[in-house]
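Visitor: Let me give you the structure first, and then I'll get to my questions.
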Amino acid sequence: KNYLTILFQMLHLTLKHGICEESCCCLACLGALLCEMKDFKAAERIGHFAILLLEKIKARKYLSFVYCCIFGTVRNRNNHMKMNIEPLLSGYQIGMKTGDIQMAMFNAYIYLSIQFLSGQKNLADLRKDFKLFGEQMIEYKQMTMNHLIRPMQQVVLNLLLSPGEPLLLLGRDKGKESILTKAIGENNKFLEC
């Protein structure tokens, strides 16, 4: 409910006072919301406007946020997922450069998820990406994102290291209960899913 109130207030302010840098974030969120409402055509149009506005007003500090919303949600549902890989990696890189660490890591999480699900990378290279991004997530204290990538990372390791029984959880992440217990203890609804 609060999300909708904030989103519609941002939209109202944009329509009343004109476009500002934050308007591209408003449009990106609106696109994601329309996707959740299953209006994919409108979501794609609004998402396209968000990216055009981002480029027009050169709001580089919001690129990571906008790319995460558009390429992680809107275009991920409307286009083939492999089309979103490069923009999400770019969202990560620019987020790191502009200091938007949280959104950079969110872009990295979606990037890794798409790489994992699409099979676009071989397992050895994917393992390296999981290790690199996982270490950065820990370094920058983005533990929610780190916990979210761990099951995928473990599957990749299992496929590489135990071809006989790849579905068995081996190694340091076999205690999925500890992740769930921690999520419940921290009241982290995102991790509980």
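As shown in the structure tokens, the chain order sets the letters A, B, ...; within each chain, residues go from 1, and ligands are also counted from 1 in the order they appear.
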For A:Leu88, list every protein, DNA or RNA residue within 12 Å, evaluated using only C-alpha atoms, and leave out those in the same chain fewer than 5 positions away; present the list as a PyMOL selection string.
Guide: chain A and resi 63-73+75-76+81-83+93-95+103-115
Visitor: Run DSSP on the backbone and tell me which residues of chain A come out as helix (DSSP H, G or I); list them as a VMD selection string.
Guide: chain A and resid 2 to 17 23 to 36 40 to 56 60 to 78 81 to 98 101 to 118 123 to 139 143 to 161 171 to 173 176 to 185 189 to 192
Visitor: Quick one: of A:Phe133, A:Phe116, A:Tyr140, A:Tyr3, who's nearest to A:Leu157, counting only C-alpha atoms?
Guide: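 Answer, going by the shortest atom-to-atom distance: A:Phe116.
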Visitor: Do you know which residues are at most 12 Å from A:Gln136 counting only C-alpha atoms, after dropping those on the same chain fewer than 5 positions away, and could you put them as a VMD selection string?
Guide: chain A and resid 92 96 101 to 102 104 to 106 108 to 109 129 to 131 141 to 143 145 to 146
Visitor: Calculate how many Å separate atom CA of A:Ala50 from atom CA of A:Leu27, rounding to one decimal.
Guide: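 According to the coordinates, atom CA of A:Ala50 and atom CA of A:Leu27 are separated by 5.2 Å.
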